$ cat target_6.cif   # mmCIF, C-alpha atoms and all ligand atoms
data_start
#
loop_
_atom_site.label_atom_id
_atom_site.label_comp_id
_atom_site.auth_asym_id
_atom_site.auth_seq_id
_atom_site.Cartn_x
_atom_site.Cartn_y
_atom_site.Cartn_z
CA MET Y 1 -28.17 -6.67 -6.36
CA ALA Y 2 -25.19 -5.98 -8.60
CA ASP Y 3 -21.86 -7.75 -8.13
CA ARG Y 4 -19.98 -5.11 -6.16
CA THR Y 5 -17.04 -7.29 -5.23
CA THR Y 6 -13.59 -6.45 -6.43
CA THR Y 7 -10.01 -7.58 -5.86
CA PHE Y 8 -7.52 -4.77 -5.30
CA THR Y 9 -3.82 -5.48 -4.67
CA GLY Y 10 -4.85 -9.06 -3.99
CA ILE Y 11 -7.32 -8.08 -1.26
CA GLU Y 12 -10.96 -9.11 -1.69
CA PHE Y 13 -13.43 -6.23 -1.16
CA GLU Y 14 -17.20 -6.58 -0.71
CA ASN Y 15 -17.39 -3.19 -2.41
CA PRO Y 16 -14.77 -0.71 -3.63
CA PHE Y 17 -15.71 2.12 -1.23
CA LEU Y 18 -13.44 2.95 1.73
CA LEU Y 19 -13.30 5.58 4.42
CA SER Y 20 -9.94 7.33 4.11
CA SER Y 21 -7.47 7.89 6.92
CA ALA Y 22 -9.02 10.76 8.90
CA PRO Y 23 -11.43 11.46 11.82
CA PRO Y 24 -14.04 8.94 10.55
CA THR Y 25 -11.50 6.16 11.21
CA GLU Y 26 -9.86 7.53 14.35
CA SER Y 27 -11.47 5.07 16.79
CA GLU Y 28 -12.68 1.50 17.20
CA SER Y 29 -16.30 2.58 17.62
CA ASN Y 30 -16.22 4.71 14.47
CA ILE Y 31 -14.74 1.90 12.39
CA MET Y 32 -17.27 -0.64 13.76
CA ARG Y 33 -20.10 1.78 12.90
CA ALA Y 34 -18.62 2.32 9.45
CA PHE Y 35 -18.62 -1.41 8.73
CA GLU Y 36 -22.16 -1.75 10.05
CA ALA Y 37 -23.16 1.03 7.66
CA GLY Y 38 -21.72 -0.93 4.71
CA TRP Y 39 -18.27 0.49 3.89
CA GLY Y 40 -16.17 -2.14 2.11
CA GLY Y 41 -13.02 -0.98 3.86
CA VAL Y 42 -11.39 1.63 6.05
CA VAL Y 43 -7.94 3.13 6.25
CA THR Y 44 -7.21 3.90 9.89
CA LYS Y 45 -6.24 7.38 11.02
CA THR Y 46 -2.46 7.51 10.55
CA ILE Y 47 -0.55 5.76 13.35
CA GLY Y 48 2.94 6.92 14.34
CA LEU Y 49 5.53 6.38 17.06
CA HIS Y 50 6.16 9.99 18.07
CA PRO Y 51 3.98 11.86 20.59
CA VAL Y 52 1.35 14.01 18.86
CA VAL Y 53 -0.11 17.22 20.30
CA ASN Y 54 -2.64 19.07 18.17
CA VAL Y 55 -3.20 22.85 18.12
CA VAL Y 56 -5.59 24.50 20.58
CA GLY Y 57 -9.18 24.69 19.31
CA ALA Y 58 -10.72 23.40 16.09
CA LYS Y 59 -8.62 21.00 14.04
CA ALA Y 60 -10.94 21.01 11.02
CA LYS Y 61 -13.62 23.28 9.59
CA PHE Y 62 -15.76 23.49 6.49
CA MET Y 63 -15.91 26.26 3.89
CA ARG Y 64 -19.13 27.10 2.15
CA THR Y 65 -20.15 29.34 -0.72
CA SER Y 66 -23.43 30.66 -2.07
CA PRO Y 67 -24.66 31.35 -5.61
CA ASP Y 68 -25.40 34.98 -4.68
CA ASP Y 69 -21.87 36.10 -3.96
CA ALA Y 70 -19.46 33.19 -4.57
CA TYR Y 71 -17.93 34.13 -1.21
CA VAL Y 72 -15.95 31.20 0.20
CA SER Y 73 -16.04 31.30 3.98
CA MET Y 74 -16.18 29.19 7.12
CA LYS Y 75 -19.07 31.31 8.36
CA LYS Y 76 -22.35 29.44 8.31
CA ARG Y 77 -24.90 31.12 6.02
CA PRO Y 78 -28.36 29.94 5.06
CA GLY Y 79 -28.46 28.36 1.63
CA ALA Y 80 -24.69 28.07 1.33
CA ALA Y 81 -23.27 24.92 -0.22
CA LEU Y 82 -20.18 22.98 0.80
CA HIS Y 83 -17.03 24.16 -0.95
CA SER Y 84 -14.30 22.30 0.96
CA SER Y 85 -12.91 21.12 4.25
CA TRP Y 86 -9.87 22.74 5.79
CA ASN Y 87 -7.78 21.06 8.47
CA TRP Y 88 -4.54 21.27 10.33
CA GLU Y 89 -5.03 18.08 12.30
CA LEU Y 90 -1.96 15.93 12.89
CA ILE Y 91 -1.85 12.14 12.74
CA SER Y 92 -3.50 10.00 15.45
CA ASP Y 93 -2.64 11.12 18.96
CA LYS Y 94 -3.11 7.53 20.14
CA ALA Y 95 -0.04 5.30 20.53
CA LEU Y 96 0.66 2.11 18.57
CA ASP Y 97 -0.09 0.10 21.73
CA TRP Y 98 -3.54 1.67 21.82
CA TRP Y 99 -4.21 0.75 18.19
CA VAL Y 100 -2.95 -2.86 18.10
CA PRO Y 101 -5.65 -4.52 20.27
CA ARG Y 102 -8.32 -2.43 18.57
CA ILE Y 103 -7.24 -3.51 15.08
CA ARG Y 104 -7.42 -7.09 16.31
CA ARG Y 105 -10.92 -6.66 17.78
CA ILE Y 106 -12.23 -4.91 14.66
CA LYS Y 107 -10.92 -7.67 12.39
CA ASP Y 108 -12.39 -10.34 14.70
CA ALA Y 109 -15.76 -8.64 14.48
CA PHE Y 110 -15.61 -7.98 10.72
CA PRO Y 111 -13.30 -10.58 9.14
CA ASN Y 112 -14.66 -9.93 5.64
CA ARG Y 113 -14.24 -6.17 5.69
CA VAL Y 114 -10.92 -4.63 4.83
CA LEU Y 115 -8.81 -2.74 7.34
CA ILE Y 116 -5.75 -0.93 6.05
CA ALA Y 117 -3.45 0.59 8.67
CA SER Y 118 -2.12 4.01 7.76
CA ILE Y 119 1.35 4.50 9.23
CA MET Y 120 3.96 7.23 9.37
CA ALA Y 121 7.52 7.62 10.64
CA GLY Y 122 10.49 9.77 9.62
CA SER Y 123 13.10 9.12 7.00
CA GLY Y 124 16.19 10.99 8.21
CA ASN Y 125 18.14 7.99 9.47
CA ASP Y 126 18.14 4.21 9.78
CA LYS Y 127 16.30 4.36 13.11
CA GLU Y 128 13.38 6.09 11.41
CA LEU Y 129 13.35 3.50 8.62
CA ARG Y 130 13.24 0.84 11.32
CA ASN Y 131 10.27 2.72 12.85
CA TRP Y 132 8.32 2.24 9.62
CA GLN Y 133 9.07 -1.47 9.85
CA THR Y 134 7.99 -1.62 13.51
CA LEU Y 135 4.68 0.03 12.66
CA ALA Y 136 4.04 -2.18 9.65
CA GLU Y 137 4.86 -5.38 11.51
CA ALA Y 138 2.72 -4.49 14.53
CA CYS Y 139 -0.30 -3.65 12.38
CA GLN Y 140 -0.07 -6.70 10.13
CA ASP Y 141 0.42 -8.96 13.15
CA ALA Y 142 -2.75 -7.49 14.63
CA GLY Y 143 -4.66 -8.51 11.49
CA ALA Y 144 -4.53 -5.45 9.21
CA ASP Y 145 -5.12 -6.47 5.60
CA GLY Y 146 -2.61 -3.94 4.29
CA VAL Y 147 -0.63 -0.85 5.21
CA GLU Y 148 -0.85 2.61 3.69
CA LEU Y 149 2.35 4.67 3.99
CA ASN Y 150 1.50 8.30 4.69
CA PHE Y 151 3.88 10.30 2.46
CA SER Y 152 1.32 13.04 2.23
CA CYS Y 153 0.39 14.92 5.41
CA PRO Y 154 0.79 18.58 4.38
CA HIS Y 155 1.41 20.08 7.81
CA MET Y 156 4.39 18.32 9.35
CA ASP Y 157 7.17 20.50 10.74
CA ARG Y 158 9.74 17.73 10.47
CA LYS Y 159 11.65 17.81 7.22
CA ASP Y 160 11.80 14.01 7.01
CA MET Y 161 8.08 13.31 7.47
CA GLY Y 162 4.70 13.45 5.75
CA SER Y 163 4.49 15.31 2.46
CA ASN Y 164 8.19 16.11 2.72
CA ILE Y 165 8.75 12.42 1.93
CA GLY Y 166 6.13 12.56 -0.83
CA LYS Y 167 7.98 15.44 -2.50
CA ASP Y 168 11.26 13.52 -2.66
CA GLU Y 169 11.46 10.59 -5.06
CA GLY Y 170 14.54 9.19 -3.33
CA LEU Y 171 12.82 9.04 0.05
CA CYS Y 172 9.63 7.63 -1.51
CA SER Y 173 11.44 4.64 -2.85
CA VAL Y 174 13.76 4.09 0.13
CA VAL Y 175 10.90 4.11 2.67
CA THR Y 176 8.69 1.91 0.50
CA GLU Y 177 11.52 -0.56 0.09
CA ALA Y 178 12.16 -0.64 3.85
CA VAL Y 179 8.51 -1.47 4.55
CA LYS Y 180 8.37 -4.04 1.75
CA GLU Y 181 11.32 -5.85 3.36
CA VAL Y 182 9.12 -6.81 6.31
CA ALA Y 183 5.59 -6.62 4.90
CA THR Y 184 3.54 -9.77 4.46
CA VAL Y 185 0.50 -7.71 3.38
CA PRO Y 186 0.07 -5.30 0.43
CA VAL Y 187 1.74 -1.90 0.80
CA TRP Y 188 -0.05 1.19 -0.50
CA THR Y 189 1.61 4.61 -0.57
CA LYS Y 190 -0.42 7.81 -0.20
CA LEU Y 191 1.13 10.68 -2.13
CA THR Y 192 0.92 14.43 -1.72
CA PRO Y 193 -0.44 16.62 -4.51
CA ALA Y 194 2.05 19.34 -3.47
CA THR Y 195 4.67 18.36 -6.02
CA PRO Y 196 5.32 19.53 -9.59
CA ASP Y 197 5.00 16.08 -11.16
CA ILE Y 198 3.33 13.40 -9.06
CA VAL Y 199 4.15 10.78 -11.72
CA VAL Y 200 7.82 11.03 -10.64
CA GLU Y 201 7.01 10.08 -7.04
CA ALA Y 202 4.56 7.39 -8.15
CA ALA Y 203 7.32 5.83 -10.25
CA ALA Y 204 9.68 5.97 -7.26
CA CYS Y 205 7.14 4.20 -5.02
CA PHE Y 206 6.66 1.47 -7.60
CA ARG Y 207 10.44 1.10 -7.86
CA GLY Y 208 10.45 0.59 -4.09
CA GLY Y 209 7.86 -2.16 -4.48
CA ALA Y 210 4.56 -0.36 -3.72
CA ASP Y 211 1.46 -2.40 -4.54
CA ALA Y 212 -0.76 0.65 -5.05
CA ILE Y 213 -0.69 4.45 -5.10
CA VAL Y 214 -3.31 6.40 -3.18
CA SER Y 215 -4.03 10.02 -4.15
CA SER Y 216 -4.89 12.50 -2.99
CA ASN Y 217 -4.27 13.86 0.44
CA THR Y 218 -5.40 17.44 1.04
CA PHE Y 219 -3.89 20.40 -0.85
CA PRO Y 220 -1.78 22.99 1.03
CA SER Y 221 -4.01 25.98 1.70
CA LEU Y 222 -4.95 28.82 4.06
CA PRO Y 223 -8.33 29.88 5.36
CA ILE Y 224 -9.39 33.36 4.24
CA ILE Y 225 -8.98 36.58 6.25
CA ASP Y 226 -12.25 37.89 7.65
CA PRO Y 227 -12.73 41.38 6.13
CA GLU Y 228 -14.31 42.65 9.38
CA THR Y 229 -11.89 41.36 12.00
CA LEU Y 230 -8.86 41.13 9.68
CA GLU Y 231 -8.08 37.78 11.29
CA PHE Y 232 -7.79 34.40 9.54
CA GLU Y 233 -11.12 32.63 9.94
CA ILE Y 234 -9.33 29.90 11.85
CA ASN Y 235 -6.34 30.91 13.95
CA VAL Y 236 -4.73 30.48 17.36
CA ASP Y 237 -3.61 33.72 18.98
CA GLY Y 238 -3.94 35.35 15.55
CA LEU Y 239 -1.59 32.84 13.95
CA VAL Y 240 -2.25 30.29 11.24
CA SER Y 241 -0.13 27.78 9.35
CA ALA Y 242 -0.69 26.12 5.99
CA GLY Y 243 -3.25 23.34 6.35
CA GLY Y 244 -5.00 20.97 3.97
CA LEU Y 245 -7.94 21.51 1.64
CA GLY Y 246 -10.32 18.60 0.94
CA GLY Y 247 -13.87 18.10 -0.30
CA PRO Y 248 -15.63 19.18 -3.51
CA ALA Y 249 -13.07 21.92 -4.32
CA ILE Y 250 -10.27 19.40 -4.86
CA LEU Y 251 -12.14 16.88 -7.03
CA PRO Y 252 -10.94 18.23 -10.42
CA LEU Y 253 -7.40 18.78 -9.10
CA SER Y 254 -7.09 15.31 -7.67
CA LEU Y 255 -8.63 13.75 -10.79
CA CYS Y 256 -6.00 15.40 -12.96
CA ASN Y 257 -3.12 13.97 -10.91
CA MET Y 258 -4.78 10.57 -10.82
CA ALA Y 259 -5.43 10.53 -14.57
CA ARG Y 260 -1.76 11.28 -15.25
CA MET Y 261 -0.61 8.44 -12.99
CA CYS Y 262 -3.16 5.96 -14.35
CA GLN Y 263 -1.99 6.73 -17.89
CA ALA Y 264 1.68 6.46 -16.98
CA PHE Y 265 1.15 3.09 -15.24
CA PRO Y 266 -1.96 1.48 -16.78
CA ASP Y 267 -1.20 -1.92 -15.26
CA ARG Y 268 -0.80 -0.67 -11.68
CA ALA Y 269 -3.32 -0.28 -8.86
CA PHE Y 270 -4.65 3.15 -7.81
CA SER Y 271 -7.03 4.24 -5.07
CA GLY Y 272 -8.69 7.60 -5.75
CA ILE Y 273 -9.53 10.24 -3.14
CA GLY Y 274 -10.76 13.80 -3.31
CA GLY Y 275 -14.22 15.34 -3.27
CA ILE Y 276 -16.24 12.12 -3.41
CA SER Y 277 -19.70 12.26 -1.84
CA ASP Y 278 -21.77 10.43 -4.43
CA PHE Y 279 -21.36 7.73 -7.07
CA ALA Y 280 -21.01 10.31 -9.86
CA GLN Y 281 -17.65 11.45 -8.47
CA ALA Y 282 -16.48 7.93 -7.65
CA LEU Y 283 -17.30 6.95 -11.24
CA SER Y 284 -14.85 9.53 -12.62
CA TYR Y 285 -12.06 7.91 -10.62
CA PHE Y 286 -13.10 4.40 -11.75
CA LEU Y 287 -13.32 5.42 -15.42
CA ILE Y 288 -9.78 6.84 -15.41
CA GLY Y 289 -8.49 3.60 -13.88
CA CYS Y 290 -8.87 3.50 -10.09
CA GLY Y 291 -9.73 0.15 -8.52
CA THR Y 292 -11.03 1.58 -5.22
CA VAL Y 293 -11.99 5.04 -3.92
CA GLN Y 294 -11.84 6.64 -0.49
CA VAL Y 295 -13.96 9.31 1.22
CA CYS Y 296 -13.29 11.74 4.08
CA THR Y 297 -15.01 15.17 4.04
CA ALA Y 298 -18.45 13.93 2.96
CA ALA Y 299 -18.40 11.26 5.68
CA MET Y 300 -17.36 13.75 8.37
CA LEU Y 301 -20.49 15.75 7.59
CA ASP Y 302 -22.75 12.69 7.65
CA HIS Y 303 -22.93 11.31 11.22
CA ALA Y 304 -19.10 11.16 11.37
CA VAL Y 305 -18.81 7.91 9.40
CA GLY Y 306 -21.04 8.53 6.37
CA PRO Y 307 -23.94 6.04 6.62
CA ASN Y 308 -25.91 7.98 4.01
CA VAL Y 309 -22.85 8.51 1.84
CA ILE Y 310 -22.15 4.77 1.61
CA ARG Y 311 -25.83 4.04 1.01
CA LYS Y 312 -25.81 6.45 -1.95
CA LEU Y 313 -22.49 5.11 -3.28
CA LEU Y 314 -23.81 1.54 -3.25
CA ALA Y 315 -27.17 2.49 -4.77
CA GLY Y 316 -25.40 4.54 -7.45
CA PHE Y 317 -23.09 1.63 -8.25
CA ASP Y 318 -26.02 -0.79 -8.57
CA GLN Y 319 -27.97 1.59 -10.82
CA PHE Y 320 -24.94 2.20 -13.04
CA VAL Y 321 -24.25 -1.50 -13.48
CA GLU Y 322 -27.91 -2.19 -14.17
CA LYS Y 323 -28.03 0.59 -16.78
CA HIS Y 324 -24.90 -0.65 -18.56
CA ALA Y 325 -25.43 -4.40 -18.18
CA GLY Y 326 -26.18 -4.62 -21.92
CA THR Y 327 -22.65 -3.46 -22.74
CA GLY Y 328 -21.10 -6.06 -20.47
CA TRP Y 329 -20.19 -3.65 -17.69
CA THR Y 330 -21.42 -5.96 -14.96
CA THR Y 331 -18.50 -5.52 -12.56
CA LEU Y 332 -16.16 -2.64 -11.70
CA GLU Y 333 -13.32 -4.44 -13.43
CA ALA Y 334 -15.28 -4.39 -16.69
CA PHE Y 335 -15.51 -0.59 -16.86
CA ARG Y 336 -12.45 0.42 -14.86
CA GLY Y 337 -10.21 2.60 -17.01
CA ALA Y 338 -12.75 2.90 -19.84
CA ARG Y 339 -11.96 6.64 -20.17
CA ARG Y 340 -8.27 6.43 -19.23
CA ASP Y 341 -7.04 7.46 -22.67
CA ARG Y 342 -9.28 10.49 -23.07
CA MET Y 343 -6.85 12.95 -21.48
CA VAL Y 344 -4.35 14.02 -24.17
CA LEU Y 345 -2.01 16.93 -24.90
CA GLN Y 346 -3.82 20.18 -25.65
CA SER Y 347 -2.21 20.18 -29.11
CA GLU Y 348 -4.04 16.93 -29.87
CA ILE Y 349 -7.45 18.52 -29.33
CA ARG Y 350 -9.26 19.32 -32.59
CA ARG Y 351 -9.28 22.93 -33.78
CA PRO Y 352 -12.06 24.52 -35.82
CA GLU Y 353 -11.60 23.94 -39.54
CA GLY Y 354 -11.99 25.97 -42.71
CA ASP Y 355 -13.49 29.47 -42.72
CA ASP Y 356 -14.43 29.28 -39.05
CA TYR Y 357 -10.80 29.34 -38.07
CA GLN Y 358 -9.24 32.78 -37.69
CA GLY Y 359 -5.74 31.51 -36.93
CA GLY Y 360 -6.19 32.46 -33.32
CA TYR Y 361 -7.14 36.07 -34.19
CA GLU Y 362 -10.84 36.39 -33.67
CA VAL Y 363 -12.72 39.35 -35.17
CA VAL Y 364 -13.50 40.39 -31.64
CA GLU Y 365 -10.33 40.15 -29.68
CA GLY Y 366 -10.30 38.60 -26.22
CA TYR Y 367 -13.29 38.72 -23.96
CA ALA Y 368 -15.08 41.71 -25.49
CA SER Y 369 -18.30 42.88 -23.92
CA PRO Y 370 -21.51 42.20 -25.91
CA GLU Y 371 -21.70 45.96 -26.70
CA GLN Y 372 -18.20 45.99 -28.15
CA ALA Y 373 -18.90 42.83 -30.09
CA ALA Y 374 -22.04 44.37 -31.58
CA ARG Y 375 -20.04 47.41 -32.80
CA VAL Y 376 -17.53 45.32 -34.81
C1 LIG Q 1 -9.51 16.50 9.63
C2 LIG Q 1 -8.75 15.66 8.66
C3 LIG Q 1 -7.76 14.79 9.12
C4 LIG Q 1 -7.03 14.01 8.22
N1 LIG Q 1 -6.07 13.15 8.70
C5 LIG Q 1 -5.38 12.36 7.83
C6 LIG Q 1 -4.44 11.40 8.32
O1 LIG Q 1 -4.22 11.24 9.52
N2 LIG Q 1 -3.79 10.65 7.41
C7 LIG Q 1 -4.02 10.75 6.05
O2 LIG Q 1 -3.41 10.01 5.26
N3 LIG Q 1 -4.92 11.64 5.58
C8 LIG Q 1 -5.60 12.43 6.44
N4 LIG Q 1 -6.56 13.31 5.94
C9 LIG Q 1 -6.79 13.38 4.49
C10 LIG Q 1 -7.99 12.53 4.05
O3 LIG Q 1 -7.78 11.17 4.30
C11 LIG Q 1 -8.26 12.72 2.53
O4 LIG Q 1 -7.11 12.31 1.83
C12 LIG Q 1 -8.58 14.16 2.15
O5 LIG Q 1 -9.43 14.77 3.10
C13 LIG Q 1 -9.23 14.25 0.77
O6 LIG Q 1 -10.44 13.52 0.73
P1 LIG Q 1 -11.90 14.26 0.76
O7 LIG Q 1 -11.93 15.22 -0.39
O8 LIG Q 1 -12.89 13.15 0.66
O9 LIG Q 1 -11.95 14.97 2.07
C14 LIG Q 1 -7.30 14.10 6.83
C15 LIG Q 1 -8.31 14.96 6.38
C16 LIG Q 1 -9.04 15.73 7.27
C17 LIG Q 1 -10.13 16.63 6.74
#

$ encode --input "target_6.cif" --output "structure tokens" --more "lines below"
Ligand SMILES: Cc1cc2nc3c(=O)[nH]c(=O)nc-3n(C[C@H](O)[C@H](O)[C@H](O)COP(=O)(O)O)c2cc1C
Amino acid sequence: MADRTTTFTGIEFENPFLLSSAPPTESESNIMRAFEAGWGGVVTKTIGLHPVVNVVGAKAKFMRTSPDDAYVSMKKRPGAALHSSWNWELISDKALDWWVPRIRRIKDAFPNRVLIASIMAGSGNDKELRNWQTLAEACQDAGADGVELNFSCPHMDRKDMGSNIGKDEGLCSVVTEAVKEVATVPVWTKLTPATPDIVVEAAACFRGGADAIVSSNTFPSLPIIDPETLEFEINVDGLVSAGGLGGPAILPLSLCNMARMCQAFPDRAFSGIGGISDFAQALSYFLIGCGTVQVCTAAMLDHAVGPNVIRKLLAGFDQFVEKHAGTGWTTLEAFRGARRDRMVLQSEIRRPEGDDYQGGYEVVEGYASPEQAARV
């Protein structure tokens, strides 16, 4: 067996694969099952101090598409492949008092597996900053190995919460700093992709003392309108609000944000999320510089906690290390970031040389049809 161990923000991991904060980690029994299945760590469903009431009906659904029509829809069709998950689920509807004894029991049962507590409060006043501290202290006292600050939930109505913090560099650093004042464990911050330049918020979190940046949460999105009923495919009383897109569709988007942050801060720690279901996708995140990766959508579709997903991730890791052992890539740390510098400005990409180059004016302009091209 390959050496899968890694140290990330000072925490020892049996392997670098975590379940992200989401339904797979919403309960004690799920997390216990996840550890039994082999996950190196979990990030709990986000814990808050305010009462949470979710919408009526489904909180998450999956979109699929087929090669025949490229139609992206929540309707189940034979032969259709997964495109994405869509959700408008809020943070955990269980109180902090419910979580604390469970965190303790999970850590007692699995002392060598990593449990990170995802937490969220507001940021509008000092009382809310104190709430972050209360959450962090309660979770670390219960045995959590770290805390992940949720600056990223895309569907919060409150202006001072979730991705509204992640879009504001001032709030990112103030909240991080407040948690760092009381934290005795590493502090990770999970950023939203719904911002023009995620590097700005990453810098702010590091200024506030963050030990790692986690990216990405889901992307703001809407389900499609059914052409027959003229209703959104998921709605309550005909109404919908912007929710979050996850799964395969966001992999390239999330990778781009992550690559930019890893380049801007090559010596910092990053945990990659978005569209991972197999080692091939995890590898992209490792090669641009991530030290751990997290999974949600793929696990939700695999017995709720992803026993087959983690089996494939571990097998893929072992095979990769075995294949590259000759080059010295025997641990994740040896190949982490090996492709970090490959993303450059478009102007730095080689152009065709000599007679091939038409100065941008091709003989056939634009995307001419083969018939037009043949006539020239
Ligand atoms: C139903 C659902 C609930 C989620 N709840 C949370 C949450 O409470 N806190 C959080 O930080 N992220 C939450 N997420 C985001 C996931 O942790 C993850 O960042 C996102 O789904 C992208 O990963 P994926 O492509 O593997 O799904 C949720 C995602 C889904 C689908």

$ residues_near_ligand --input "target_6.cif" --ligand "ligand LIG 1 (chain Q)" --cutoff "7 Å" --atoms "only C-alpha atoms and all ligand atoms" --output "PyMOL selection string"
chain Y and resi 20-23+45-46+59-60+85-92+118+150+152-153+190+216-218+246-248+250-251+273-276+294-298

$ atom_distance --input "target_6.cif" --atom1 "atom CA of Y:Leu19" --atom2 "atom CA of Y:Val42"
4.7 Å

$ closest_residue --input "target_6.cif" --among "Y:Leu82, Y:Ile288, Y:Ile165, Y:Ala183" --to "Y:Thr195" --atoms "all atoms listed in the file"
Y:Ile165

$ atom_distance --input "target_6.cif" --atom1 "atom CA of Y:Asp302" --atom2 "atom CA of Y:Thr65"
18.8 Å

$ closest_residue --input "target_6.cif" --among "Y:Met300, Y:Phe17, Y:Arg158, Y:Pro101" --to "Y:Asp278" --atoms "only C-alpha atoms"
Y:Phe17

$ closest_residue --input "target_6.cif" --among "Y:Pro78, Y:Gly170, Y:Pro154, Y:Gly48" --to "Y:Ala117" --atoms "only C-alpha atoms"
Y:Gly48

$ residues_around --input "target_6.cif" --residues "Y:Phe335" --least-positions-apart "6" --cutoff "10 Å" --atoms "all atoms listed in the file" --output "MDAnalysis selection string"
chainID Y and resid 283 286:289 321 324 327:329

$ residues_around --input "target_6.cif" --residues "Y:Val214" --least-positions-apart "2" --cutoff "8 Å" --atoms "all atoms listed in the file" --output "short mmCIF file (atom, residue, chain, number, x, y, z; two decimals) with C-alpha atoms, in the frame of the given file"
data_model
loop_
_atom_site.label_atom_id
_atom_site.label_comp_id
_atom_site.auth_asym_id
_atom_site.auth_seq_id
_atom_site.Cartn_x
_atom_site.Cartn_y
_atom_site.Cartn_z
CA TRP Y 188 -0.05 1.19 -0.50
CA THR Y 189 1.61 4.61 -0.57
CA LYS Y 190 -0.42 7.81 -0.20
CA LEU Y 191 1.13 10.68 -2.13
CA ALA Y 212 -0.76 0.65 -5.05
CA SER Y 216 -4.89 12.50 -2.99
CA PHE Y 270 -4.65 3.15 -7.81
CA SER Y 271 -7.03 4.24 -5.07
CA GLY Y 272 -8.69 7.60 -5.75
CA ILE Y 273 -9.53 10.24 -3.14
#

$ closest_residue --input "target_6.cif" --among "Y:Val72, Y:Ile11, Y:Met156, Y:Cys205" --to "Y:Met120" --atoms "only C-alpha atoms"
Y:Met156

$ closest_residue --input "target_6.cif" --among "Y:Met261, Y:Val305, Y:Val53, Y:Ala203" --to "Y:Cys290" --atoms "only C-alpha atoms"
Y:Met261

$ closest_residue --input "target_6.cif" --among "Y:Leu149, Y:Leu314, Y:Ile198, Y:Ile47" --to "Y:Lys180" --atoms "only C-alpha atoms"
Y:Leu149

$ residues_around --input "target_6.cif" --residues "Y:Gln263" --least-positions-apart "6" --cutoff "10 Å" --atoms "all atoms listed in the file" --output "short mmCIF file (atom, residue, chain, number, x, y, z; two decimals) with C-alpha atoms, in the frame of the given file"
data_model
loop_
_atom_site.label_atom_id
_atom_site.label_comp_id
_atom_site.auth_asym_id
_atom_site.auth_seq_id
_atom_site.Cartn_x
_atom_site.Cartn_y
_atom_site.Cartn_z
CA VAL Y 199 4.15 10.78 -11.72
CA ILE Y 288 -9.78 6.84 -15.41
CA GLY Y 289 -8.49 3.60 -13.88
CA GLY Y 337 -10.21 2.60 -17.01
CA ARG Y 340 -8.27 6.43 -19.23
CA ASP Y 341 -7.04 7.46 -22.67
CA ARG Y 342 -9.28 10.49 -23.07
CA MET Y 343 -6.85 12.95 -21.48
CA VAL Y 344 -4.35 14.02 -24.17
#

$ residues_around --input "target_6.cif" --residues "Y:Asp157" --least-positions-apart "5" --cutoff "12 Å" --atoms "all atoms listed in the file" --output "number ranges by chain"
Y: 52, 88, 90, 122, 162-164, 241-243

$ atom_distance --input "target_6.cif" --atom1 "atom CA of Y:Ala204" --atom2 "atom CA of Y:Asp267"
15.6 Å

$ residues_around --input "target_6.cif" --residues "Y:Arg64" --least-positions-apart "3" --cutoff "8 Å" --atoms "all atoms listed in the file" --output "PyMOL selection string"
chain Y and resi 71-76+80-84

$ closest_atom_pairs --input "target_6.cif" --of "stretch 78-99 of chain Y" --to "stretch 126-148 of chain Y" --cutoff "10 Å" --atoms "all atoms listed in the file" --output "Markdown table"
| residue | atom | partner | partner_atom | distance |
| --- | --- | --- | --- | --- |
| Y:Leu96 | CA | Y:Leu135 | CA | 7.4 |
| Y:Asp97 | CA | Y:Ala138 | CA | 9.0 |
| Y:Trp99 | CA | Y:Cys139 | CA | 8.3 |

$ write_last_selection --input "target_6.cif" --atoms "C-alpha atoms" --output "mmCIF file, in the coordinates of the input"
data_model
loop_
_atom_site.group_PDB
_atom_site.id
_atom_site.type_symbol
_atom_site.label_atom_id
_atom_site.label_comp_id
_atom_site.auth_asym_id
_atom_site.auth_seq_id
_atom_site.Cartn_x
_atom_site.Cartn_y
_atom_site.Cartn_z
ATOM 1 C CA LEU Y 96 0.660 2.110 18.570
ATOM 2 C CA ASP Y 97 -0.090 0.100 21.730
ATOM 3 C CA TRP Y 99 -4.210 0.750 18.190
#
